>>> print(open('coords29.txt').read())   # compact mmCIF, C-alpha atoms
# COMPACT_ATOMS: atom_id res chain seq x y z
CA MET L 25 0.00 0.00 0.00
CA ARG L 26 2.63 2.57 1.02
CA LYS L 27 4.82 1.50 -1.85
CA ALA L 28 1.97 1.99 -4.30
CA PHE L 29 1.23 5.37 -2.71
CA HIS L 30 4.80 6.55 -3.13
CA ASP L 31 4.86 5.38 -6.74
CA GLU L 32 1.69 7.36 -7.37
CA LEU L 33 3.18 10.41 -5.69
CA GLU L 34 6.29 10.05 -7.82
CA THR L 35 4.08 10.06 -10.90
CA VAL L 36 2.36 13.24 -9.73
CA TYR L 37 5.72 14.95 -9.27
CA SER L 38 7.10 13.81 -12.58
CA ASP L 39 3.88 15.08 -14.20
CA LEU L 40 4.38 18.44 -12.47
CA SER L 41 7.93 18.58 -13.73
CA ALA L 42 6.73 17.75 -17.25
CA ILE L 43 4.11 20.54 -17.10
CA CYS L 44 6.86 22.92 -16.00
CA GLY L 45 8.80 21.79 -19.10
CA GLN L 46 5.78 22.65 -21.26
CA VAL L 47 5.61 26.06 -19.60
CA LYS L 48 9.26 26.61 -20.42
CA VAL L 49 8.61 25.92 -24.10
CA SER L 50 5.64 28.25 -23.96
CA VAL L 51 7.69 31.10 -22.44
CA GLU L 52 10.47 30.58 -25.00
CA ARG L 53 8.14 30.56 -27.97
CA ALA L 54 6.13 33.53 -26.71
CA THR L 55 9.37 35.48 -26.37
CA GLN L 56 10.55 34.53 -29.82
CA ALA L 57 7.16 35.51 -31.26
CA LEU L 58 7.40 38.80 -29.37
CA LEU L 59 10.90 39.71 -30.46
CA THR L 60 10.47 38.71 -34.09
CA GLY L 61 6.77 39.55 -34.65
CA ASP L 62 6.01 35.94 -35.57
CA ALA L 63 2.20 35.60 -35.62
CA ALA L 64 2.18 31.86 -36.34
CA LEU L 65 4.41 31.14 -33.36
CA ALA L 66 2.26 33.37 -31.13
CA GLU L 67 -0.82 31.38 -32.24
CA GLN L 68 0.99 28.17 -31.41
CA VAL L 69 1.62 29.36 -27.83
CA ILE L 70 -2.01 30.43 -27.45
CA SER L 71 -3.45 27.15 -28.70
CA ALA L 72 -0.93 24.96 -26.84
CA ASP L 73 -2.12 26.42 -23.54
CA ALA L 74 -5.20 24.19 -23.59
CA GLU L 75 -2.87 21.20 -23.26
CA ILE L 76 -1.26 22.70 -20.13
CA ASP L 77 -4.74 23.29 -18.69
CA HIS L 78 -5.66 19.70 -19.46
CA GLN L 79 -2.50 18.36 -17.81
CA ARG L 80 -3.28 20.46 -14.75
CA GLU L 81 -6.72 18.85 -14.50
CA LEU L 82 -5.20 15.39 -14.67
CA VAL L 83 -2.72 16.19 -11.89
CA GLU L 84 -5.51 17.67 -9.77
CA GLU L 85 -7.67 14.57 -10.19
CA HIS L 86 -4.74 12.33 -9.39
CA ALA L 87 -3.80 14.31 -6.26
CA PHE L 88 -7.42 14.36 -5.10
CA ALA L 89 -7.70 10.61 -5.54
CA LEU L 90 -4.55 10.14 -3.47
CA LEU L 91 -5.89 12.34 -0.67
CA SER L 92 -9.25 10.67 -0.73
CA LEU L 93 -8.24 7.04 -1.02
CA GLN L 94 -5.00 7.01 0.93
CA ALA L 95 -5.52 9.75 3.54
CA PRO L 96 -1.82 10.53 3.78
CA VAL L 97 -0.41 12.30 6.84
CA ALA L 98 2.66 14.39 7.68
CA GLY L 99 5.23 14.59 4.88
CA ASP L 100 3.08 12.63 2.43
CA LEU L 101 0.16 14.96 3.02
CA ARG L 102 2.38 17.98 2.51
CA MET L 103 3.57 16.55 -0.80
CA VAL L 104 0.07 16.04 -2.15
CA VAL L 105 -1.24 19.43 -1.02
CA ALA L 106 1.88 21.17 -2.33
CA ALA L 107 1.36 19.44 -5.70
CA LEU L 108 -2.15 20.89 -5.90
CA ARG L 109 -0.83 24.36 -5.26
CA MET L 110 2.17 24.08 -7.56
CA VAL L 111 0.05 22.91 -10.45
CA SER L 112 -2.10 26.06 -10.14
CA GLU L 113 1.02 28.20 -10.27
CA LEU L 114 2.39 26.35 -13.27
CA GLU L 115 -0.89 26.88 -15.08
CA ARG L 116 -0.72 30.61 -14.27
CA MET L 117 2.80 30.74 -15.72
CA GLY L 118 1.40 29.22 -18.89
CA ASP L 119 -1.35 31.86 -18.94
CA LEU L 120 1.23 34.61 -18.55
CA SER L 121 3.18 33.35 -21.55
CA VAL L 122 -0.11 33.44 -23.48
CA HIS L 123 -0.44 37.11 -22.48
CA VAL L 124 3.03 37.74 -23.92
CA ALA L 125 2.06 35.92 -27.12
CA LYS L 126 -1.12 38.00 -27.41
CA ILE L 127 0.83 41.26 -27.25
CA ALA L 128 3.13 39.86 -29.95
CA ARG L 129 0.13 38.97 -32.13
CA LEU L 130 -1.58 42.31 -31.59
CA ARG L 131 1.37 44.21 -33.10
CA VAL L 132 2.12 41.98 -36.10
CA PRO L 133 3.50 42.86 -38.67
CA GLU L 134 5.30 45.27 -36.35
CA VAL L 135 7.39 44.11 -33.40
CA ALA L 136 5.90 45.30 -30.09
CA VAL L 137 9.30 45.92 -28.52
CA PRO L 138 11.33 48.85 -29.94
CA VAL L 139 14.84 47.94 -31.10
CA ASP L 140 16.71 49.85 -28.40
CA VAL L 141 14.95 48.11 -25.49
CA ARG L 142 14.97 44.68 -27.10
CA PRO L 143 18.13 43.62 -25.25
CA THR L 144 16.47 44.46 -21.90
CA VAL L 145 13.30 42.55 -22.71
CA ALA L 146 15.29 39.66 -24.17
CA ARG L 147 17.29 39.48 -20.94
CA MET L 148 14.14 39.54 -18.79
CA ALA L 149 12.74 36.71 -20.89
CA GLN L 150 16.00 34.81 -20.64
CA ILE L 151 15.94 35.07 -16.84
CA ALA L 152 12.33 33.89 -16.71
CA GLU L 153 13.16 30.94 -18.99
CA TYR L 154 16.24 30.08 -16.93
CA MET L 155 14.18 30.09 -13.73
CA VAL L 156 11.40 27.97 -15.22
CA ASP L 157 14.01 25.54 -16.53
CA LYS L 158 15.63 25.28 -13.09
CA VAL L 159 12.23 24.58 -11.57
CA VAL L 160 11.71 21.62 -13.95
CA ARG L 161 14.68 19.99 -12.23
CA ILE L 162 13.93 21.34 -8.72
CA ILE L 163 10.53 19.62 -8.82
CA ALA L 164 11.91 16.38 -10.26
CA ASP L 165 14.73 16.18 -7.70
CA ARG L 166 12.81 17.74 -4.78
CA ASP L 167 15.78 20.07 -4.42
CA SER L 168 15.31 22.23 -1.34
CA ALA L 169 18.28 24.43 -2.29
CA GLY L 170 16.23 25.72 -5.25
CA PRO L 171 15.24 29.16 -3.89
CA GLU L 172 18.88 30.08 -3.22
CA GLU L 173 19.76 29.32 -6.83
CA LEU L 174 16.98 31.59 -8.06
CA HIS L 175 17.54 34.52 -5.76
CA ALA L 176 20.13 36.32 -7.93
CA GLN L 177 17.90 35.95 -11.00
CA GLU L 178 14.95 37.43 -9.18
CA GLU L 179 17.05 40.47 -8.21
CA GLU L 180 18.28 40.96 -11.75
CA MET L 181 14.70 40.75 -13.02
CA ASP L 182 13.74 43.49 -10.60
CA ARG L 183 16.63 45.70 -11.75
CA LEU L 184 15.78 45.19 -15.41
CA ARG L 185 12.16 46.03 -14.86
CA ARG L 186 13.13 49.24 -13.10
CA SER L 187 15.53 50.18 -15.90
CA LEU L 188 12.73 49.62 -18.41
CA PHE L 189 10.54 52.06 -16.45
CA THR L 190 13.35 54.60 -16.27
CA ALA L 191 13.71 54.43 -20.06
CA MET L 192 9.98 54.70 -20.74
CA LEU L 193 9.40 57.57 -18.32
CA GLY L 194 12.40 59.64 -19.47
CA ASP L 195 11.80 62.87 -21.39
CA ASP L 196 13.67 61.40 -24.35
CA TRP L 197 11.47 58.28 -24.79
CA PRO L 198 10.89 58.32 -28.55
CA HIS L 199 8.48 55.38 -28.96
CA GLY L 200 5.22 56.86 -27.73
CA VAL L 201 2.46 55.56 -25.51
CA GLU L 202 1.62 52.30 -27.24
CA ALA L 203 5.09 50.81 -26.92
CA ALA L 204 5.30 51.98 -23.29
CA VAL L 205 1.97 50.39 -22.40
CA ASP L 206 3.03 47.12 -24.04
CA LEU L 207 6.35 47.19 -22.20
CA ALA L 208 4.76 47.96 -18.83
CA LEU L 209 2.56 44.89 -19.20
CA LEU L 210 5.32 42.69 -20.66
CA GLY L 211 7.58 43.62 -17.74
CA ARG L 212 4.82 42.67 -15.37
CA TYR L 213 4.21 39.32 -17.12
CA TYR L 214 7.85 38.24 -17.09
CA GLU L 215 8.21 39.35 -13.48
CA ARG L 216 5.15 37.29 -12.49
CA ILE L 217 6.50 34.23 -14.30
CA ALA L 218 9.71 34.64 -12.29
CA ASP L 219 7.74 35.16 -9.04
CA HIS L 220 5.77 31.98 -9.61
CA ALA L 221 8.94 30.03 -10.41
CA LEU L 222 10.44 31.16 -7.11
CA SER L 223 7.22 30.37 -5.30
CA VAL L 224 7.20 26.81 -6.68
CA ALA L 225 10.83 26.41 -5.58
CA ASN L 226 9.78 27.63 -2.10
CA ARG L 227 6.99 25.07 -1.98
CA ILE L 228 9.53 22.34 -2.65
CA VAL L 229 11.42 23.54 0.45
CA PHE L 230 8.20 23.13 2.41
CA VAL L 231 7.68 19.66 0.95
CA VAL L 232 11.18 18.56 1.88
CA THR L 233 11.68 20.24 5.25
CA GLY L 234 8.14 20.81 6.50
CA GLU L 235 8.98 24.46 6.98
CA ALA L 236 8.31 27.44 4.80
CA ALA L 237 11.33 28.82 2.96
CA VAL L 238 12.81 31.93 4.55
CA ALA L 239 11.42 34.93 2.69
CA HIS L 240 14.08 36.88 0.86
CA MET F 26 -15.91 13.51 16.01
CA ARG F 27 -17.80 14.42 12.81
CA LYS F 28 -19.62 17.17 14.66
CA ALA F 29 -16.34 18.63 15.89
CA PHE F 30 -14.92 18.36 12.36
CA HIS F 31 -17.80 20.26 10.85
CA ASP F 32 -17.54 22.96 13.49
CA GLU F 33 -13.85 23.32 12.67
CA LEU F 34 -14.63 23.49 8.98
CA GLU F 35 -17.24 26.13 9.66
CA THR F 36 -14.59 28.15 11.48
CA VAL F 37 -12.23 27.85 8.50
CA TYR F 38 -14.93 29.15 6.16
CA SER F 39 -15.95 32.00 8.41
CA ASP F 40 -12.25 32.93 8.67
CA LEU F 41 -12.03 32.87 4.85
CA SER F 42 -15.06 35.10 4.62
CA ALA F 43 -13.50 37.48 7.17
CA ILE F 44 -10.25 37.63 5.16
CA CYS F 45 -12.30 38.44 2.08
CA GLY F 46 -13.86 41.29 4.11
CA GLN F 47 -10.37 42.59 4.91
CA VAL F 48 -9.49 42.41 1.21
CA LYS F 49 -12.57 44.44 0.43
CA VAL F 50 -11.48 47.19 2.84
CA SER F 51 -8.01 47.06 1.29
CA VAL F 52 -9.35 47.48 -2.26
CA GLU F 53 -11.62 50.34 -1.18
CA ARG F 54 -8.88 52.22 0.64
CA ALA F 55 -6.35 51.67 -2.13
CA THR F 56 -8.84 53.10 -4.61
CA GLN F 57 -9.58 56.10 -2.43
CA ALA F 58 -5.83 56.69 -1.98
CA LEU F 59 -5.42 56.40 -5.75
CA LEU F 60 -8.20 58.77 -6.71
CA THR F 61 -7.40 61.41 -4.11
CA GLY F 62 -3.59 61.10 -3.89
CA ASP F 63 -3.81 60.27 -0.17
CA ALA F 64 -0.35 59.02 0.86
CA ALA F 65 -1.33 58.17 4.45
CA LEU F 66 -4.19 55.98 3.29
CA ALA F 67 -1.92 54.26 0.76
CA GLU F 68 0.55 53.52 3.57
CA GLN F 69 -2.26 52.09 5.64
CA VAL F 70 -3.19 49.64 2.86
CA ILE F 71 0.44 48.62 2.45
CA SER F 72 1.05 47.99 6.15
CA ALA F 73 -2.34 46.30 6.72
CA ASP F 74 -1.41 43.62 4.18
CA ALA F 75 0.80 41.86 6.75
CA GLU F 76 -2.34 41.12 8.74
CA ILE F 77 -4.00 39.48 5.71
CA ASP F 78 -0.85 37.40 5.19
CA HIS F 79 -0.93 36.39 8.86
CA GLN F 80 -4.60 35.39 8.65
CA ARG F 81 -3.81 33.32 5.58
CA GLU F 82 -1.14 31.42 7.52
CA LEU F 83 -3.59 30.68 10.34
CA VAL F 84 -6.19 29.34 7.89
CA GLU F 85 -3.53 27.21 6.17
CA GLU F 86 -2.39 25.72 9.46
CA HIS F 87 -5.95 25.03 10.48
CA ALA F 88 -6.82 23.38 7.16
CA PHE F 89 -3.66 21.29 7.27
CA ALA F 90 -4.46 20.14 10.80
CA LEU F 91 -7.94 19.09 9.66
CA LEU F 92 -6.53 17.12 6.72
CA SER F 93 -3.90 15.49 8.86
CA LEU F 94 -5.90 14.64 11.96
CA GLN F 95 -9.31 13.91 10.47
CA ALA F 96 -8.48 12.53 7.01
CA PRO F 97 -11.75 13.78 5.50
CA VAL F 98 -13.11 12.24 2.29
CA ALA F 99 -15.51 13.24 -0.49
CA GLY F 100 -17.31 16.55 0.13
CA ASP F 101 -15.41 17.26 3.35
CA LEU F 102 -12.09 16.77 1.62
CA ARG F 103 -13.16 19.06 -1.21
CA MET F 104 -14.06 21.73 1.32
CA VAL F 105 -10.69 21.64 3.04
CA VAL F 106 -8.66 21.59 -0.17
CA ALA F 107 -10.80 24.36 -1.67
CA ALA F 108 -10.19 26.44 1.47
CA LEU F 109 -6.43 26.11 0.96
CA ARG F 110 -6.75 27.31 -2.61
CA MET F 111 -9.17 30.11 -1.90
CA VAL F 112 -7.00 31.53 0.85
CA SER F 113 -4.10 31.83 -1.61
CA GLU F 114 -6.32 33.73 -4.01
CA LEU F 115 -7.61 36.04 -1.29
CA GLU F 116 -4.04 36.82 -0.30
CA ARG F 117 -3.20 37.63 -3.94
CA MET F 118 -6.18 39.99 -4.09
CA GLY F 119 -4.73 41.75 -1.05
CA ASP F 120 -1.35 41.97 -2.80
CA LEU F 121 -3.00 43.49 -5.86
CA SER F 122 -4.63 46.21 -3.77
CA VAL F 123 -1.16 46.91 -2.34
CA HIS F 124 0.08 47.37 -5.93
CA VAL F 125 -2.70 49.92 -6.49
CA ALA F 126 -1.74 51.71 -3.26
CA LYS F 127 1.93 51.79 -4.33
CA ILE F 128 1.08 53.52 -7.61
CA ALA F 129 -1.00 56.03 -5.60
CA ARG F 130 1.95 56.65 -3.25
CA LEU F 131 4.45 56.96 -6.07
CA ARG F 132 2.57 59.92 -7.63
CA VAL F 133 1.78 61.89 -4.45
CA PRO F 134 1.23 64.88 -4.30
CA GLU F 135 -0.15 64.35 -7.81
CA VAL F 136 -3.01 61.96 -8.53
CA ALA F 137 -1.90 59.09 -10.79
CA VAL F 138 -5.18 58.99 -12.70
CA PRO F 139 -5.93 62.00 -14.99
CA VAL F 140 -9.26 63.70 -14.32
CA ASP F 141 -10.94 62.67 -17.57
CA VAL F 142 -10.36 58.92 -17.05
CA ARG F 143 -11.12 58.99 -13.32
CA PRO F 144 -14.76 57.93 -13.85
CA THR F 145 -13.60 54.85 -15.81
CA VAL F 146 -11.05 53.85 -13.16
CA ALA F 147 -13.52 54.59 -10.36
CA ARG F 148 -16.06 52.33 -12.06
CA MET F 149 -13.51 49.52 -12.48
CA ALA F 150 -12.66 49.82 -8.80
CA GLN F 151 -16.33 49.85 -7.87
CA ILE F 152 -16.92 46.64 -9.82
CA ALA F 153 -13.94 44.98 -8.16
CA GLU F 154 -15.18 46.06 -4.72
CA TYR F 155 -18.70 44.87 -5.50
CA MET F 156 -17.38 41.46 -6.59
CA VAL F 157 -15.16 41.09 -3.53
CA ASP F 158 -18.08 42.08 -1.29
CA LYS F 159 -20.33 39.48 -2.96
CA VAL F 160 -17.65 36.85 -2.39
CA VAL F 161 -17.62 37.61 1.36
CA ARG F 162 -21.21 36.37 1.43
CA ILE F 163 -20.76 33.65 -1.20
CA ILE F 164 -18.10 32.03 0.99
CA ALA F 165 -20.10 32.44 4.19
CA ASP F 166 -23.29 30.97 2.67
CA ARG F 167 -21.57 28.48 0.35
CA ASP F 168 -23.70 29.94 -2.41
CA SER F 169 -23.20 27.98 -5.61
CA ALA F 170 -25.12 30.57 -7.65
CA GLY F 171 -22.25 33.02 -7.04
CA PRO F 172 -20.54 32.88 -10.46
CA GLU F 173 -23.78 33.75 -12.25
CA GLU F 174 -24.14 36.86 -10.12
CA LEU F 175 -20.62 37.97 -10.98
CA HIS F 176 -20.69 37.27 -14.70
CA ALA F 177 -22.15 40.63 -15.77
CA GLN F 178 -19.59 42.48 -13.62
CA GLU F 179 -16.74 40.60 -15.19
CA GLU F 180 -17.96 41.55 -18.67
CA GLU F 181 -18.29 45.20 -17.72
CA MET F 182 -14.76 45.15 -16.27
CA ASP F 183 -13.49 43.81 -19.57
CA ARG F 184 -15.30 46.53 -21.54
CA LEU F 185 -13.97 49.27 -19.26
CA ARG F 186 -10.43 48.01 -19.55
CA ARG F 187 -10.70 48.03 -23.33
CA SER F 188 -12.11 51.56 -23.32
CA LEU F 189 -9.19 52.67 -21.17
CA PHE F 190 -6.78 51.24 -23.76
CA THR F 191 -8.66 52.92 -26.59
CA ALA F 192 -8.35 56.27 -24.78
CA MET F 193 -4.63 55.83 -24.02
CA LEU F 194 -3.71 54.67 -27.50
CA GLY F 195 -5.65 57.38 -29.32
CA ASP F 196 -3.74 60.12 -31.15
CA ASP F 197 -5.36 62.69 -28.91
CA TRP F 198 -4.19 61.21 -25.57
CA PRO F 199 -2.91 64.32 -23.78
CA HIS F 200 -1.46 62.81 -20.57
CA GLY F 201 1.78 61.34 -21.78
CA VAL F 202 3.55 58.06 -21.16
CA GLU F 203 3.68 58.02 -17.36
CA ALA F 204 -0.09 58.23 -16.87
CA ALA F 205 -0.61 55.59 -19.58
CA VAL F 206 1.85 53.19 -17.97
CA ASP F 207 0.18 53.65 -14.57
CA LEU F 208 -3.25 53.10 -16.11
CA ALA F 209 -2.17 49.99 -18.01
CA LEU F 210 -0.98 48.45 -14.74
CA LEU F 211 -3.96 49.70 -12.70
CA GLY F 212 -6.34 48.22 -15.27
CA ARG F 213 -4.49 44.93 -14.99
CA TYR F 214 -4.61 44.98 -11.16
CA TYR F 215 -8.35 45.63 -10.94
CA GLU F 216 -9.04 43.05 -13.61
CA ARG F 217 -7.00 40.45 -11.69
CA ILE F 218 -8.86 41.24 -8.45
CA ALA F 219 -12.10 40.62 -10.33
CA ASP F 220 -10.72 37.41 -11.90
CA HIS F 221 -9.73 36.06 -8.50
CA ALA F 222 -13.14 36.96 -7.04
CA LEU F 223 -14.84 34.99 -9.81
CA SER F 224 -12.40 32.13 -9.33
CA VAL F 225 -13.21 31.93 -5.60
CA ALA F 226 -16.92 31.92 -6.45
CA ASN F 227 -16.25 29.06 -8.90
CA ARG F 228 -14.43 27.11 -6.20
CA ILE F 229 -17.52 27.40 -4.01
CA VAL F 230 -19.50 25.74 -6.82
CA PHE F 231 -16.98 22.89 -6.74
CA VAL F 232 -17.27 22.67 -2.96
CA VAL F 233 -21.07 22.49 -3.09
CA THR F 234 -21.65 20.35 -6.19
CA GLY F 235 -18.41 18.42 -6.58
CA GLU F 236 -18.19 19.67 -10.13
CA ALA F 237 -16.22 22.52 -11.59
CA ALA F 238 -18.27 25.57 -12.54
CA VAL F 239 -18.97 25.86 -16.25
CA ALA F 240 -16.43 28.24 -17.73
CA HIS F 241 -18.00 31.40 -19.10
>>> encode(input="coords29.txt", output="structure tokens")
Amino acid sequence: MRKAFHDELETVYSDLSAICGQVKVSVERATQALLTGDAALAEQVISADAEIDHQRELVEEHAFALLSLQAPVAGDLRMVVAALRMVSELERMGDLSVHVAKIARLRVPEVAVPVDVRPTVARMAQIAEYMVDKVVRIIADRDSAGPEELHAQEEEMDRLRRSLFTAMLGDDWPHGVEAAVDLALLGRYYERIADHALSVANRIVFVVTGEAAVAH
Amino acid sequence: MRKAFHDELETVYSDLSAICGQVKVSVERATQALLTGDAALAEQVISADAEIDHQRELVEEHAFALLSLQAPVAGDLRMVVAALRMVSELERMGDLSVHVAKIARLRVPEVAVPVDVRPTVARMAQIAEYMVDKVVRIIADRDSAGPEELHAQEEEMDRLRRSLFTAMLGDDWPHGVEAAVDLALLGRYYERIADHALSVANRIVFVVTGEAAVAH
């Protein structure tokens, strides 16, 4: 019985890790669509999101069945409940990459991001992708050192977002309101993807140690 | 034993409803701070958020204890798991009102929202507050008709947000980039508060019926 339970739990966690891998692809493609004005790729991100939603439902049903049929306690209970919460966050990260793709699509055949801030946005996207990629492994390995690894990235994300605001709000911003509005939202979306990645890594700490990760 | 369990569960749900009431106050005050440029009120929203976070922790601990000690099944299990998820969403709604308050604070002694779009933003805020207020009662009464009540509000929120974008992106927008960037983010924050309110109402449907609410 316990053996079967732990096998089931392992399946739930490898499914979570796989969903995180799908999210990573989604963030990458949304970014590429954004930076190149590729409408077909943006569409692909938008339509692929249904698959992430479907995978989330399967994980939820599985986790519910484990709670209901096996009534786990202590560390096992924490693992199942944490899985339910992580899968919601992973789905949100997928939704946020869809928001990025929709801004890309809205501006085709133009590129939403002006040339001179493209390096900043590309770097924000790169950090988000790096964090999501780390989380694929953090979930699979139940690595409680995850949040430490992601802390520097989170700080850089914050700096980049502030520098984007400084550029947009300067008197010499040449790209007008539309580009600024797009960038304000894009900055927010990438930052939220990064926040969720860190939050999932923190939940793994809770799963492993039974204690909440120390807030940075 | 079952009687005690149901009393405990009732306490969890009345605590959730109370947290939702705190969120409502937070959204109201943040909006007032935003529309009047009241720095002291904005500070109050920002510092009061720690109390919402603390209440969330208490509900989480309580729900975990119920899962662990009572191993509920079926409808009881759904109620406890739903409580864990709803409390996360309520906390996020509190965070979003803090974001509104921070934009208010950033622009003091000015008012972030230009006079001519103040009615639109005030209406968005009013819808968000109305939805949060409804959810206070929907949680307390476990009212599975909640999502239907909130559907019209969600649509109006969507229309208002689009009209805000139309105004900002028009050739005759006189308020410059900073106001537009603030408004883009404010629109997003109020919309997310409304989304979370609807999501909590949908979770109540799941609690009551065992089936997910039909997506609108």
>>> closest_residue(input="coords29.txt", among="L:Val51, L:Ile162, L:Ala204, L:Leu184", to="chain F", atoms="only C-alpha atoms")
L:Ala204
>>> interface_residues(input="coords29.txt", of="chain L", to="chain F", cutoff="7 Å", atoms="only C-alpha atoms", output="count of residues only")
12
>>> residues_around(input="coords29.txt", residues="stretch 27-34 of chain L", least_positions_apart="3", cutoff="10 Å", atoms="only C-alpha atoms", output="list of chain:residue names")
L:Tyr37, L:Ser38, L:Asp39, L:Leu40, L:His86, L:Ala87, L:Leu90, L:Leu93, L:Gln94, L:Pro96, L:Asp100, L:Met103, L:Val104, L:Ala107, L:Ala164
>>> residues_around(input="coords29.txt", residues="F:Arg228", least_positions_apart="5", cutoff="9 Å", atoms="all atoms listed in the file", output="PyMOL selection string")
chain F and resi 107-108+110-111+169+223+233+237-238
>>> atom_distance(input="coords29.txt", atom1="atom CA of F:Gln47", atom2="atom CA of L:Gly211")
28.9 Å
>>> atom_distance(input="coords29.txt", atom1="atom CA of L:Arg166", atom2="atom CA of F:Arg117")
25.5 Å
